[in-house]
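Quick look at model.txt (compact mmCIF, N, CA, C and O atoms):
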# COMPACT_ATOMS: atom_id res chain seq x y z
N MET I 1417 27.06 47.74 -35.39
CA MET I 1417 27.24 46.31 -35.62
C MET I 1417 27.75 45.65 -34.33
O MET I 1417 28.64 46.16 -33.68
N ALA I 1418 27.16 44.56 -34.00
CA ALA I 1418 27.51 43.86 -32.77
C ALA I 1418 28.97 43.43 -32.77
O ALA I 1418 29.51 43.04 -33.79
N VAL I 1419 29.55 43.51 -31.60
CA VAL I 1419 30.92 43.05 -31.42
C VAL I 1419 30.87 41.70 -30.73
O VAL I 1419 30.10 41.50 -29.79
N LYS I 1420 31.66 40.75 -31.23
CA LYS I 1420 31.75 39.43 -30.59
C LYS I 1420 32.75 39.54 -29.45
O LYS I 1420 33.84 40.09 -29.62
N VAL I 1421 32.35 39.07 -28.29
CA VAL I 1421 33.22 39.15 -27.13
C VAL I 1421 33.49 37.77 -26.55
O VAL I 1421 32.72 36.83 -26.77
N ASN I 1422 34.58 37.68 -25.81
CA ASN I 1422 34.94 36.47 -25.09
C ASN I 1422 35.74 36.89 -23.86
O ASN I 1422 35.86 38.09 -23.58
N ALA I 1423 36.27 35.93 -23.14
CA ALA I 1423 36.99 36.24 -21.90
C ALA I 1423 38.14 37.21 -22.13
O ALA I 1423 38.44 38.04 -21.28
N ASP I 1424 38.81 37.11 -23.28
CA ASP I 1424 39.98 37.94 -23.57
C ASP I 1424 39.64 39.42 -23.70
O ASP I 1424 40.46 40.27 -23.36
N CYS I 1425 38.46 39.74 -24.20
CA CYS I 1425 38.13 41.15 -24.45
C CYS I 1425 36.89 41.63 -23.69
O CYS I 1425 36.44 42.75 -23.88
N PHE I 1426 36.33 40.79 -22.82
CA PHE I 1426 35.09 41.16 -22.12
C PHE I 1426 35.28 42.43 -21.30
O PHE I 1426 34.44 43.33 -21.33
N GLU I 1427 36.38 42.52 -20.59
CA GLU I 1427 36.60 43.70 -19.75
C GLU I 1427 36.72 44.96 -20.59
O GLU I 1427 36.07 45.97 -20.31
N SER I 1428 37.52 44.92 -21.66
CA SER I 1428 37.72 46.13 -22.46
C SER I 1428 36.49 46.50 -23.27
O SER I 1428 36.17 47.69 -23.41
N GLU I 1429 35.76 45.54 -23.79
CA GLU I 1429 34.61 45.82 -24.64
C GLU I 1429 33.32 46.08 -23.86
O GLU I 1429 32.45 46.82 -24.32
N VAL I 1430 33.19 45.47 -22.69
CA VAL I 1430 31.93 45.56 -21.94
C VAL I 1430 32.10 46.36 -20.65
O VAL I 1430 31.47 47.38 -20.45
N LEU I 1431 32.98 45.89 -19.79
CA LEU I 1431 33.08 46.49 -18.46
C LEU I 1431 33.70 47.89 -18.48
O LEU I 1431 33.36 48.73 -17.65
N SER I 1432 34.59 48.15 -19.43
CA SER I 1432 35.24 49.47 -19.50
C SER I 1432 34.54 50.44 -20.45
O SER I 1432 34.98 51.58 -20.58
N ALA I 1433 33.49 49.98 -21.11
CA ALA I 1433 32.79 50.84 -22.07
C ALA I 1433 32.07 51.98 -21.35
O ALA I 1433 31.57 51.81 -20.24
N GLU I 1434 32.05 53.14 -21.99
CA GLU I 1434 31.36 54.29 -21.40
C GLU I 1434 29.85 54.22 -21.62
O GLU I 1434 29.08 54.69 -20.79
N GLU I 1435 29.43 53.65 -22.75
CA GLU I 1435 28.01 53.56 -23.06
C GLU I 1435 27.38 52.33 -22.40
O GLU I 1435 28.07 51.49 -21.84
N VAL I 1436 26.07 52.25 -22.48
CA VAL I 1436 25.35 51.05 -22.03
C VAL I 1436 25.67 49.93 -23.01
O VAL I 1436 25.62 50.11 -24.22
N VAL I 1437 26.02 48.76 -22.46
CA VAL I 1437 26.34 47.61 -23.31
C VAL I 1437 25.31 46.53 -23.05
O VAL I 1437 25.07 46.12 -21.92
N LEU I 1438 24.69 46.07 -24.13
CA LEU I 1438 23.74 44.97 -24.08
C LEU I 1438 24.47 43.72 -24.51
O LEU I 1438 24.89 43.60 -25.66
N VAL I 1439 24.70 42.81 -23.58
CA VAL I 1439 25.42 41.57 -23.88
C VAL I 1439 24.39 40.46 -24.10
O VAL I 1439 23.57 40.18 -23.24
N ASP I 1440 24.48 39.86 -25.27
CA ASP I 1440 23.62 38.74 -25.64
C ASP I 1440 24.42 37.46 -25.43
O ASP I 1440 25.33 37.16 -26.19
N PHE I 1441 24.11 36.73 -24.35
CA PHE I 1441 24.71 35.42 -24.12
C PHE I 1441 23.85 34.44 -24.90
O PHE I 1441 22.66 34.29 -24.62
N TYR I 1442 24.44 33.79 -25.91
CA TYR I 1442 23.66 32.96 -26.82
C TYR I 1442 24.39 31.67 -27.17
O TYR I 1442 25.56 31.47 -26.82
N SER I 1443 23.69 30.82 -27.91
CA SER I 1443 24.25 29.59 -28.46
C SER I 1443 23.78 29.46 -29.90
O SER I 1443 22.65 29.82 -30.21
N ASP I 1444 24.65 28.96 -30.76
CA ASP I 1444 24.29 28.79 -32.17
C ASP I 1444 23.13 27.81 -32.36
O ASP I 1444 22.39 27.89 -33.32
N SER I 1445 22.99 26.87 -31.44
CA SER I 1445 21.94 25.85 -31.57
C SER I 1445 20.62 26.25 -30.91
O SER I 1445 19.67 25.48 -30.90
N CYS I 1446 20.55 27.45 -30.39
CA CYS I 1446 19.38 27.92 -29.65
C CYS I 1446 18.41 28.64 -30.59
O CYS I 1446 18.71 29.70 -31.12
N VAL I 1447 17.23 28.06 -30.79
CA VAL I 1447 16.23 28.65 -31.68
C VAL I 1447 15.74 30.02 -31.16
O VAL I 1447 15.68 30.98 -31.93
N PRO I 1448 15.40 30.15 -29.87
CA PRO I 1448 15.00 31.49 -29.38
C PRO I 1448 16.11 32.53 -29.57
O PRO I 1448 15.82 33.71 -29.81
N CYS I 1449 17.36 32.11 -29.48
CA CYS I 1449 18.48 33.04 -29.70
C CYS I 1449 18.46 33.56 -31.14
O CYS I 1449 18.70 34.74 -31.39
N LYS I 1450 18.17 32.67 -32.07
CA LYS I 1450 18.12 33.06 -33.48
C LYS I 1450 16.94 33.99 -33.74
O LYS I 1450 17.02 34.90 -34.55
N ARG I 1451 15.83 33.77 -33.04
CA ARG I 1451 14.65 34.61 -33.21
C ARG I 1451 14.86 36.02 -32.66
O ARG I 1451 14.35 36.99 -33.19
N ILE I 1452 15.60 36.13 -31.57
CA ILE I 1452 15.78 37.42 -30.92
C ILE I 1452 16.89 38.25 -31.58
O ILE I 1452 16.91 39.48 -31.45
N ALA I 1453 17.78 37.62 -32.30
CA ALA I 1453 18.92 38.32 -32.92
C ALA I 1453 18.51 39.51 -33.79
O ALA I 1453 19.09 40.59 -33.67
N PRO I 1454 17.51 39.38 -34.67
CA PRO I 1454 17.11 40.53 -35.48
C PRO I 1454 16.56 41.69 -34.64
O PRO I 1454 16.78 42.86 -34.97
N LEU I 1455 15.88 41.37 -33.54
CA LEU I 1455 15.37 42.42 -32.65
C LEU I 1455 16.52 43.20 -32.02
O LEU I 1455 16.47 44.42 -31.91
N LEU I 1456 17.56 42.48 -31.62
CA LEU I 1456 18.72 43.14 -31.02
C LEU I 1456 19.42 44.05 -32.02
O LEU I 1456 19.84 45.15 -31.68
N SER I 1457 19.51 43.59 -33.26
CA SER I 1457 20.12 44.42 -34.31
C SER I 1457 19.30 45.69 -34.53
O SER I 1457 19.85 46.78 -34.69
N GLN I 1458 17.98 45.55 -34.54
CA GLN I 1458 17.10 46.72 -34.70
C GLN I 1458 17.30 47.71 -33.56
O GLN I 1458 17.42 48.92 -33.78
N ILE I 1459 17.34 47.21 -32.35
CA ILE I 1459 17.52 48.07 -31.18
C ILE I 1459 18.85 48.80 -31.27
O ILE I 1459 18.94 49.99 -31.00
N GLU I 1460 19.88 48.09 -31.66
CA GLU I 1460 21.20 48.71 -31.79
C GLU I 1460 21.19 49.82 -32.84
O GLU I 1460 21.75 50.89 -32.63
N GLN I 1461 20.52 49.58 -33.97
CA GLN I 1461 20.46 50.58 -35.04
C GLN I 1461 19.62 51.79 -34.64
O GLN I 1461 19.93 52.92 -35.02
N GLU I 1462 18.58 51.56 -33.87
CA GLU I 1462 17.67 52.64 -33.48
C GLU I 1462 18.18 53.47 -32.30
O GLU I 1462 17.68 54.56 -32.05
N ASN I 1463 19.14 52.94 -31.57
CA ASN I 1463 19.61 53.61 -30.36
C ASN I 1463 21.14 53.70 -30.39
O ASN I 1463 21.82 52.74 -30.04
N GLU I 1464 21.64 54.85 -30.78
CA GLU I 1464 23.08 55.02 -30.94
C GLU I 1464 23.85 54.97 -29.63
O GLU I 1464 25.07 54.80 -29.63
N SER I 1465 23.16 55.10 -28.51
CA SER I 1465 23.85 55.09 -27.22
C SER I 1465 24.04 53.68 -26.66
O SER I 1465 24.59 53.51 -25.58
N ILE I 1466 23.60 52.68 -27.42
CA ILE I 1466 23.71 51.28 -26.99
C ILE I 1466 24.79 50.58 -27.80
O ILE I 1466 24.87 50.71 -29.01
N LYS I 1467 25.59 49.79 -27.10
CA LYS I 1467 26.58 48.93 -27.76
C LYS I 1467 26.09 47.50 -27.59
O LYS I 1467 25.75 47.08 -26.48
N LEU I 1468 26.03 46.75 -28.67
CA LEU I 1468 25.59 45.36 -28.63
C LEU I 1468 26.81 44.45 -28.68
O LEU I 1468 27.64 44.58 -29.57
N ALA I 1469 26.90 43.57 -27.71
CA ALA I 1469 27.99 42.59 -27.66
C ALA I 1469 27.37 41.20 -27.59
O ALA I 1469 26.35 40.99 -26.93
N LYS I 1470 27.98 40.25 -28.30
CA LYS I 1470 27.46 38.89 -28.34
C LYS I 1470 28.53 37.93 -27.83
O LYS I 1470 29.67 37.99 -28.25
N LEU I 1471 28.13 37.06 -26.89
CA LEU I 1471 29.04 36.08 -26.34
C LEU I 1471 28.44 34.69 -26.53
O LEU I 1471 27.37 34.40 -26.00
N ASN I 1472 29.11 33.87 -27.31
CA ASN I 1472 28.66 32.50 -27.57
C ASN I 1472 29.09 31.62 -26.40
O ASN I 1472 30.28 31.39 -26.20
N ILE I 1473 28.12 31.14 -25.63
CA ILE I 1473 28.45 30.38 -24.43
C ILE I 1473 29.13 29.05 -24.74
O ILE I 1473 29.79 28.48 -23.88
N ASN I 1474 28.98 28.56 -25.95
CA ASN I 1474 29.63 27.30 -26.32
C ASN I 1474 31.15 27.45 -26.37
O ASN I 1474 31.88 26.48 -26.21
N PHE I 1475 31.62 28.66 -26.61
CA PHE I 1475 33.05 28.90 -26.74
C PHE I 1475 33.63 29.64 -25.54
O PHE I 1475 34.84 29.83 -25.45
N ASP I 1476 32.79 30.08 -24.62
CA ASP I 1476 33.27 30.80 -23.44
C ASP I 1476 32.36 30.52 -22.25
O ASP I 1476 31.66 31.39 -21.76
N GLN I 1477 32.40 29.28 -21.81
CA GLN I 1477 31.55 28.87 -20.69
C GLN I 1477 31.97 29.52 -19.38
O GLN I 1477 31.15 29.77 -18.51
N GLU I 1478 33.25 29.84 -19.24
CA GLU I 1478 33.75 30.43 -18.00
C GLU I 1478 33.14 31.82 -17.75
O GLU I 1478 32.72 32.13 -16.64
N THR I 1479 33.11 32.66 -18.80
CA THR I 1479 32.53 33.99 -18.64
C THR I 1479 31.03 33.89 -18.38
O THR I 1479 30.50 34.59 -17.52
N ALA I 1480 30.37 33.01 -19.10
CA ALA I 1480 28.93 32.81 -18.88
C ALA I 1480 28.68 32.37 -17.43
O ALA I 1480 27.78 32.90 -16.76
N LYS I 1481 29.48 31.47 -16.95
CA LYS I 1481 29.34 30.99 -15.57
C LYS I 1481 29.62 32.11 -14.58
O LYS I 1481 28.91 32.26 -13.58
N ALA I 1482 30.63 32.92 -14.85
CA ALA I 1482 31.00 34.02 -13.95
C ALA I 1482 29.85 35.02 -13.80
O ALA I 1482 29.72 35.66 -12.75
N TYR I 1483 29.01 35.14 -14.83
CA TYR I 1483 27.88 36.07 -14.78
C TYR I 1483 26.56 35.36 -14.52
O TYR I 1483 25.49 35.94 -14.72
N GLY I 1484 26.62 34.12 -14.08
CA GLY I 1484 25.42 33.41 -13.65
C GLY I 1484 24.45 33.08 -14.77
O GLY I 1484 23.25 32.97 -14.52
N VAL I 1485 24.97 32.92 -15.98
CA VAL I 1485 24.10 32.59 -17.11
C VAL I 1485 23.83 31.08 -17.09
O VAL I 1485 24.75 30.28 -17.22
N THR I 1486 22.56 30.73 -16.91
CA THR I 1486 22.18 29.32 -16.85
C THR I 1486 21.24 28.93 -17.97
O THR I 1486 20.91 27.75 -18.11
N ALA I 1487 20.78 29.90 -18.74
CA ALA I 1487 19.88 29.64 -19.86
C ALA I 1487 20.16 30.66 -20.96
O ALA I 1487 20.66 31.75 -20.69
N VAL I 1488 19.87 30.26 -22.19
CA VAL I 1488 20.03 31.19 -23.31
C VAL I 1488 18.71 31.32 -24.04
O VAL I 1488 17.92 30.37 -24.06
N PRO I 1489 18.43 32.47 -24.61
CA PRO I 1489 19.25 33.68 -24.52
C PRO I 1489 19.13 34.35 -23.16
O PRO I 1489 18.07 34.33 -22.54
N THR I 1490 20.23 34.93 -22.72
CA THR I 1490 20.24 35.81 -21.56
C THR I 1490 20.81 37.14 -22.02
O THR I 1490 21.89 37.18 -22.63
N LEU I 1491 20.07 38.20 -21.77
CA LEU I 1491 20.51 39.55 -22.13
C LEU I 1491 20.86 40.28 -20.85
O LEU I 1491 20.03 40.35 -19.94
N VAL I 1492 22.08 40.79 -20.79
CA VAL I 1492 22.52 41.52 -19.60
C VAL I 1492 22.95 42.91 -20.03
O VAL I 1492 23.74 43.06 -20.96
N LEU I 1493 22.40 43.90 -19.36
CA LEU I 1493 22.75 45.29 -19.63
C LEU I 1493 23.76 45.77 -18.61
O LEU I 1493 23.53 45.64 -17.40
N PHE I 1494 24.89 46.28 -19.11
CA PHE I 1494 25.95 46.79 -18.26
C PHE I 1494 26.11 48.29 -18.48
O PHE I 1494 25.97 48.78 -19.60
N LYS I 1495 26.42 49.00 -17.42
CA LYS I 1495 26.80 50.40 -17.51
C LYS I 1495 27.81 50.66 -16.42
O LYS I 1495 27.60 50.26 -15.27
N GLY I 1496 28.91 51.30 -16.79
CA GLY I 1496 29.95 51.58 -15.80
C GLY I 1496 30.55 50.33 -15.20
O GLY I 1496 30.98 50.34 -14.05
N GLY I 1497 30.57 49.24 -15.96
CA GLY I 1497 31.16 48.00 -15.49
C GLY I 1497 30.28 47.19 -14.57
O GLY I 1497 30.69 46.15 -14.06
N LYS I 1498 29.04 47.64 -14.36
CA LYS I 1498 28.14 46.93 -13.45
C LYS I 1498 26.87 46.48 -14.18
O LYS I 1498 26.38 47.17 -15.07
N GLU I 1499 26.36 45.32 -13.76
CA GLU I 1499 25.11 44.83 -14.33
C GLU I 1499 23.97 45.71 -13.84
O GLU I 1499 23.82 45.95 -12.65
N LYS I 1500 23.16 46.18 -14.79
CA LYS I 1500 22.03 47.05 -14.45
C LYS I 1500 20.68 46.39 -14.68
O LYS I 1500 19.68 46.79 -14.09
N ALA I 1501 20.62 45.41 -15.58
CA ALA I 1501 19.36 44.71 -15.86
C ALA I 1501 19.67 43.37 -16.51
O ALA I 1501 20.73 43.21 -17.13
N ARG I 1502 18.72 42.44 -16.38
CA ARG I 1502 18.90 41.11 -16.96
C ARG I 1502 17.55 40.60 -17.45
O ARG I 1502 16.55 40.69 -16.73
N LEU I 1503 17.54 40.04 -18.65
CA LEU I 1503 16.35 39.42 -19.22
C LEU I 1503 16.74 38.02 -19.67
O LEU I 1503 17.77 37.83 -20.31
N VAL I 1504 15.91 37.04 -19.33
CA VAL I 1504 16.20 35.66 -19.68
C VAL I 1504 15.08 35.11 -20.55
O VAL I 1504 13.91 35.32 -20.26
N GLY I 1505 15.47 34.43 -21.61
CA GLY I 1505 14.50 33.80 -22.49
C GLY I 1505 14.14 34.70 -23.66
O GLY I 1505 14.70 35.77 -23.85
N SER I 1506 13.19 34.25 -24.43
CA SER I 1506 12.74 34.98 -25.60
C SER I 1506 11.81 36.09 -25.13
O SER I 1506 10.73 35.83 -24.59
N VAL I 1507 12.25 37.32 -25.29
CA VAL I 1507 11.47 38.47 -24.84
C VAL I 1507 11.13 39.37 -26.02
O VAL I 1507 11.79 39.33 -27.06
N LYS I 1508 10.13 40.19 -25.84
CA LYS I 1508 9.70 41.11 -26.90
C LYS I 1508 10.62 42.32 -26.96
O LYS I 1508 11.25 42.69 -25.97
N LYS I 1509 10.63 42.95 -28.12
CA LYS I 1509 11.44 44.14 -28.33
C LYS I 1509 11.09 45.21 -27.30
O LYS I 1509 11.98 45.86 -26.74
N GLU I 1510 9.81 45.39 -27.03
CA GLU I 1510 9.37 46.40 -26.07
C GLU I 1510 9.94 46.15 -24.68
O GLU I 1510 10.29 47.08 -23.96
N THR I 1511 10.03 44.89 -24.29
CA THR I 1511 10.57 44.53 -22.98
C THR I 1511 12.05 44.90 -22.90
O THR I 1511 12.51 45.43 -21.87
N ILE I 1512 12.78 44.65 -23.96
CA ILE I 1512 14.20 45.00 -24.01
C ILE I 1512 14.37 46.52 -23.94
O ILE I 1512 15.19 47.03 -23.18
N GLU I 1513 13.54 47.23 -24.70
CA GLU I 1513 13.62 48.69 -24.70
C GLU I 1513 13.27 49.28 -23.33
O GLU I 1513 13.90 50.23 -22.87
N GLU I 1514 12.30 48.68 -22.64
CA GLU I 1514 11.96 49.13 -21.29
C GLU I 1514 13.13 48.95 -20.34
O GLU I 1514 13.41 49.81 -19.52
N ALA I 1515 13.82 47.82 -20.47
CA ALA I 1515 14.98 47.56 -19.61
C ALA I 1515 16.08 48.58 -19.89
O ALA I 1515 16.70 49.10 -18.96
N ILE I 1516 16.30 48.89 -21.17
CA ILE I 1516 17.31 49.89 -21.54
C ILE I 1516 16.95 51.25 -20.97
O ILE I 1516 17.78 51.94 -20.38
N ASN I 1517 15.68 51.63 -21.13
CA ASN I 1517 15.23 52.95 -20.67
C ASN I 1517 15.21 53.08 -19.15
O ASN I 1517 15.20 54.20 -18.63
N SER I 1518 15.22 51.97 -18.45
CA SER I 1518 15.21 52.01 -16.97
C SER I 1518 16.59 52.29 -16.38
O SER I 1518 16.71 52.56 -15.20
N ILE I 1519 17.61 52.22 -17.21
CA ILE I 1519 18.97 52.43 -16.73
C ILE I 1519 19.26 53.93 -16.65
O ILE I 1519 19.03 54.67 -17.61
N ASP I 1520 19.74 54.35 -15.49
CA ASP I 1520 20.04 55.77 -15.32
C ASP I 1520 21.44 56.12 -15.77
O ASP I 1520 22.29 55.34 -15.90

Could you render the structure as structure tokens?
Amino acid sequence: MAVKVNADCFESEVLSAEEVVLVDFYSDSCVPCKRIAPLLSQIEQENESIKLAKLNINFDQETAKAYGVTAVPTLVLFKGGKEKARLVGSVKKETIEEAINSID
């Protein structure tokens, strides 16, 4: 189940995590964000080595800005506290899975 993150817990939940973390930078008013949400849940359920974190940019603009998020949805994959891949916009499940599989 996805964990909601914000500036207070971003480091502990995302940057300090041992597994690959897929951060969904989203907005409640974003239609593509709502469309991609079920795909992210499926990916999380199908891949136990992935942690899904969701950050609502409306409530944490500082963290979004710190990571260069200028559009939603933006999906950022972190491993070992570092950004490993980034996808912007409404993308297909296969594209997300390819990005996950490209991380060493």

Straight-line distance linking atom N of Val1430 in chain I with atom N of Ser1506 in chain I, stated in Å to one decimal: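 Taking atom N of Val1430 in chain I as the start and atom N of Ser1506 in chain I as the end point, the length is 23.0 Å.
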
Nearest to Gly1496 in chain I, chosen from I:Leu1468, I:Ala1418, I:Ile1473, I:Ile1519, with only C-alpha atoms counted in the distances: I:Ile1519

Among listed residues I:Ser1518, I:Asn1463, I:Asn1472, I:Gln1477, nearest Ala1501 in chain I (using only C-alpha atoms):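 Looking at the shortest contact to Ala1501 in chain I, the residue is I:Ser1518.
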
Residue with smallest distance to Phe1441 in chain I - pool I:Ala1469, I:Ala1482, I:Val1507, I:Ile1516, counting only N, CA, C and O atoms: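 For Phe1441 in chain I, the nearest of the given residues is I:Ala1469.
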
Those in chain I with strand (DSSP E or B) from DSSP, as a PyMOL selection string: chain I and resi 1419-1420+1436-1442+1466-1472+1490-1495+1498-1504

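Atom to atom, atom N of Pro1489 in chain I and atom C of Val1504 in chain I stand 5.9 Å apart.
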
Helix (DSSP H, G or I) call set, DSSP backbone run, chain I, as JSON, numbers by chain: {"I": [1426, 1427, 1428, 1429, 1430, 1431, 1447, 1448, 1449, 1450, 1451, 1452, 1453, 1454, 1455, 1456, 1457, 1458, 1459, 1460, 1461, 1462, 1477, 1478, 1479, 1480, 1481, 1482, 1509, 1510, 1511, 1512, 1513, 1514, 1515, 1516, 1517]}

Surrounding residues of Leu1438 in chain I excluding itself and chain neighbours under 2 positions, 7 Å, only C-alpha atoms, as a ChimeraX atom specification: /I:1436,1440,1466-1469,1491-1494

Length of the atom N of Ser1428 in chain I to atom O of Leu1456 in chain I vector [Å]: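 That distance, rounded to one decimal, is 20.3 Å.
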
Option closest in space to Leu1471 in chain I, from I:Ala1453, I:Lys1498, I:Lys1508, I:Ser1443 [counting all atoms listed in the file]: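 Looking only at the distances to Leu1471 in chain I, the closest residue turns out to be I:Ser1443.
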
Sel. within 12 Å of pt (35.2, 41.4, -15.6), counting only C-alpha atoms, output as a ChimeraX atom specification: /I:1421-1433,1478-1483,1494,1496-1499

Top pick for closest residue to Lys1420 in chain I, considering I:Gly1484, I:Gln1458, I:Arg1502, I:Val1439 and counting only C-alpha atoms: I:Val1439

Closest of I:Glu1434, I:Ile1512, I:Val1488, I:Ile1459 to Val1447 in chain I - atom-to-atom distances counting only C-alpha atoms: I:Val1488

Given 6 Å on each side, where is the centre and what are the edge lengths in Å to one decimal of the axis-aligned box enclosing the listed atoms of range 1463-1476 of chain I, as lines of an AutoDock Vina configuration file?
center_x = 27.0
center_y = 40.8
center_z = -26.7
size_x = 27.7
size_y = 40.6
size_z = 21.8

Completed range 1466-1474 of chain I (all heavy atoms) as an mmCIF file, in the frame of the given file:
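Written output follows (rebuild17.cif):
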data_model
loop_
_atom_site.group_PDB
_atom_site.id
_atom_site.type_symbol
_atom_site.label_atom_id
_atom_site.label_comp_id
_atom_site.auth_asym_id
_atom_site.auth_seq_id
_atom_site.Cartn_x
_atom_site.Cartn_y
_atom_site.Cartn_z
ATOM 1 N N ILE I 1466 23.600 52.680 -27.420
ATOM 2 C CA ILE I 1466 23.710 51.280 -26.990
ATOM 3 C C ILE I 1466 24.790 50.580 -27.800
ATOM 4 O O ILE I 1466 24.870 50.710 -29.010
ATOM 5 C CB ILE I 1466 22.376 50.522 -27.205
ATOM 6 C CG1 ILE I 1466 21.288 51.104 -26.320
ATOM 7 C CG2 ILE I 1466 22.525 49.028 -26.972
ATOM 8 C CD1 ILE I 1466 21.476 50.848 -24.863
ATOM 9 N N LYS I 1467 25.590 49.790 -27.100
ATOM 10 C CA LYS I 1467 26.580 48.930 -27.760
ATOM 11 C C LYS I 1467 26.090 47.500 -27.590
ATOM 12 O O LYS I 1467 25.750 47.080 -26.480
ATOM 13 C CB LYS I 1467 27.939 49.118 -27.105
ATOM 14 C CG LYS I 1467 29.023 48.232 -27.663
ATOM 15 C CD LYS I 1467 30.342 48.542 -26.940
ATOM 16 C CE LYS I 1467 31.480 47.762 -27.494
ATOM 17 N NZ LYS I 1467 32.739 48.109 -26.804
ATOM 18 N N LEU I 1468 26.030 46.750 -28.670
ATOM 19 C CA LEU I 1468 25.590 45.360 -28.630
ATOM 20 C C LEU I 1468 26.810 44.450 -28.680
ATOM 21 O O LEU I 1468 27.640 44.580 -29.570
ATOM 22 C CB LEU I 1468 24.649 45.061 -29.806
ATOM 23 C CG LEU I 1468 24.148 43.622 -29.932
ATOM 24 C CD1 LEU I 1468 23.355 43.196 -28.700
ATOM 25 C CD2 LEU I 1468 23.294 43.477 -31.191
ATOM 26 N N ALA I 1469 26.900 43.570 -27.710
ATOM 27 C CA ALA I 1469 27.990 42.590 -27.660
ATOM 28 C C ALA I 1469 27.370 41.200 -27.590
ATOM 29 O O ALA I 1469 26.350 40.990 -26.930
ATOM 30 C CB ALA I 1469 28.871 42.837 -26.450
ATOM 31 N N LYS I 1470 27.980 40.250 -28.300
ATOM 32 C CA LYS I 1470 27.460 38.890 -28.340
ATOM 33 C C LYS I 1470 28.530 37.930 -27.830
ATOM 34 O O LYS I 1470 29.670 37.990 -28.250
ATOM 35 C CB LYS I 1470 27.055 38.517 -29.770
ATOM 36 C CG LYS I 1470 25.907 39.407 -30.281
ATOM 37 C CD LYS I 1470 25.469 39.060 -31.675
ATOM 38 C CE LYS I 1470 24.678 37.809 -31.809
ATOM 39 N NZ LYS I 1470 23.364 37.776 -31.186
ATOM 40 N N LEU I 1471 28.130 37.060 -26.890
ATOM 41 C CA LEU I 1471 29.040 36.080 -26.340
ATOM 42 C C LEU I 1471 28.440 34.690 -26.530
ATOM 43 O O LEU I 1471 27.370 34.400 -26.000
ATOM 44 C CB LEU I 1471 29.288 36.344 -24.849
ATOM 45 C CG LEU I 1471 30.341 35.441 -24.226
ATOM 46 C CD1 LEU I 1471 31.222 36.232 -23.273
ATOM 47 C CD2 LEU I 1471 29.727 34.262 -23.520
ATOM 48 N N ASN I 1472 29.110 33.870 -27.310
ATOM 49 C CA ASN I 1472 28.660 32.500 -27.570
ATOM 50 C C ASN I 1472 29.090 31.620 -26.400
ATOM 51 O O ASN I 1472 30.280 31.390 -26.200
ATOM 52 C CB ASN I 1472 29.252 31.990 -28.882
ATOM 53 C CG ASN I 1472 28.657 30.669 -29.310
ATOM 54 O OD1 ASN I 1472 28.299 29.836 -28.482
ATOM 55 N ND2 ASN I 1472 28.559 30.467 -30.611
ATOM 56 N N ILE I 1473 28.120 31.140 -25.630
ATOM 57 C CA ILE I 1473 28.450 30.380 -24.430
ATOM 58 C C ILE I 1473 29.130 29.050 -24.740
ATOM 59 O O ILE I 1473 29.790 28.480 -23.880
ATOM 60 C CB ILE I 1473 27.211 30.153 -23.540
ATOM 61 C CG1 ILE I 1473 26.177 29.282 -24.249
ATOM 62 C CG2 ILE I 1473 26.608 31.467 -23.091
ATOM 63 C CD1 ILE I 1473 25.206 28.614 -23.316
ATOM 64 N N ASN I 1474 28.980 28.560 -25.950
ATOM 65 C CA ASN I 1474 29.630 27.300 -26.320
ATOM 66 C C ASN I 1474 31.150 27.450 -26.370
ATOM 67 O O ASN I 1474 31.880 26.480 -26.210
ATOM 68 C CB ASN I 1474 29.132 26.802 -27.674
ATOM 69 C CG ASN I 1474 27.672 26.430 -27.626
ATOM 70 O OD1 ASN I 1474 27.191 25.912 -26.636
ATOM 71 N ND2 ASN I 1474 26.953 26.725 -28.683
#
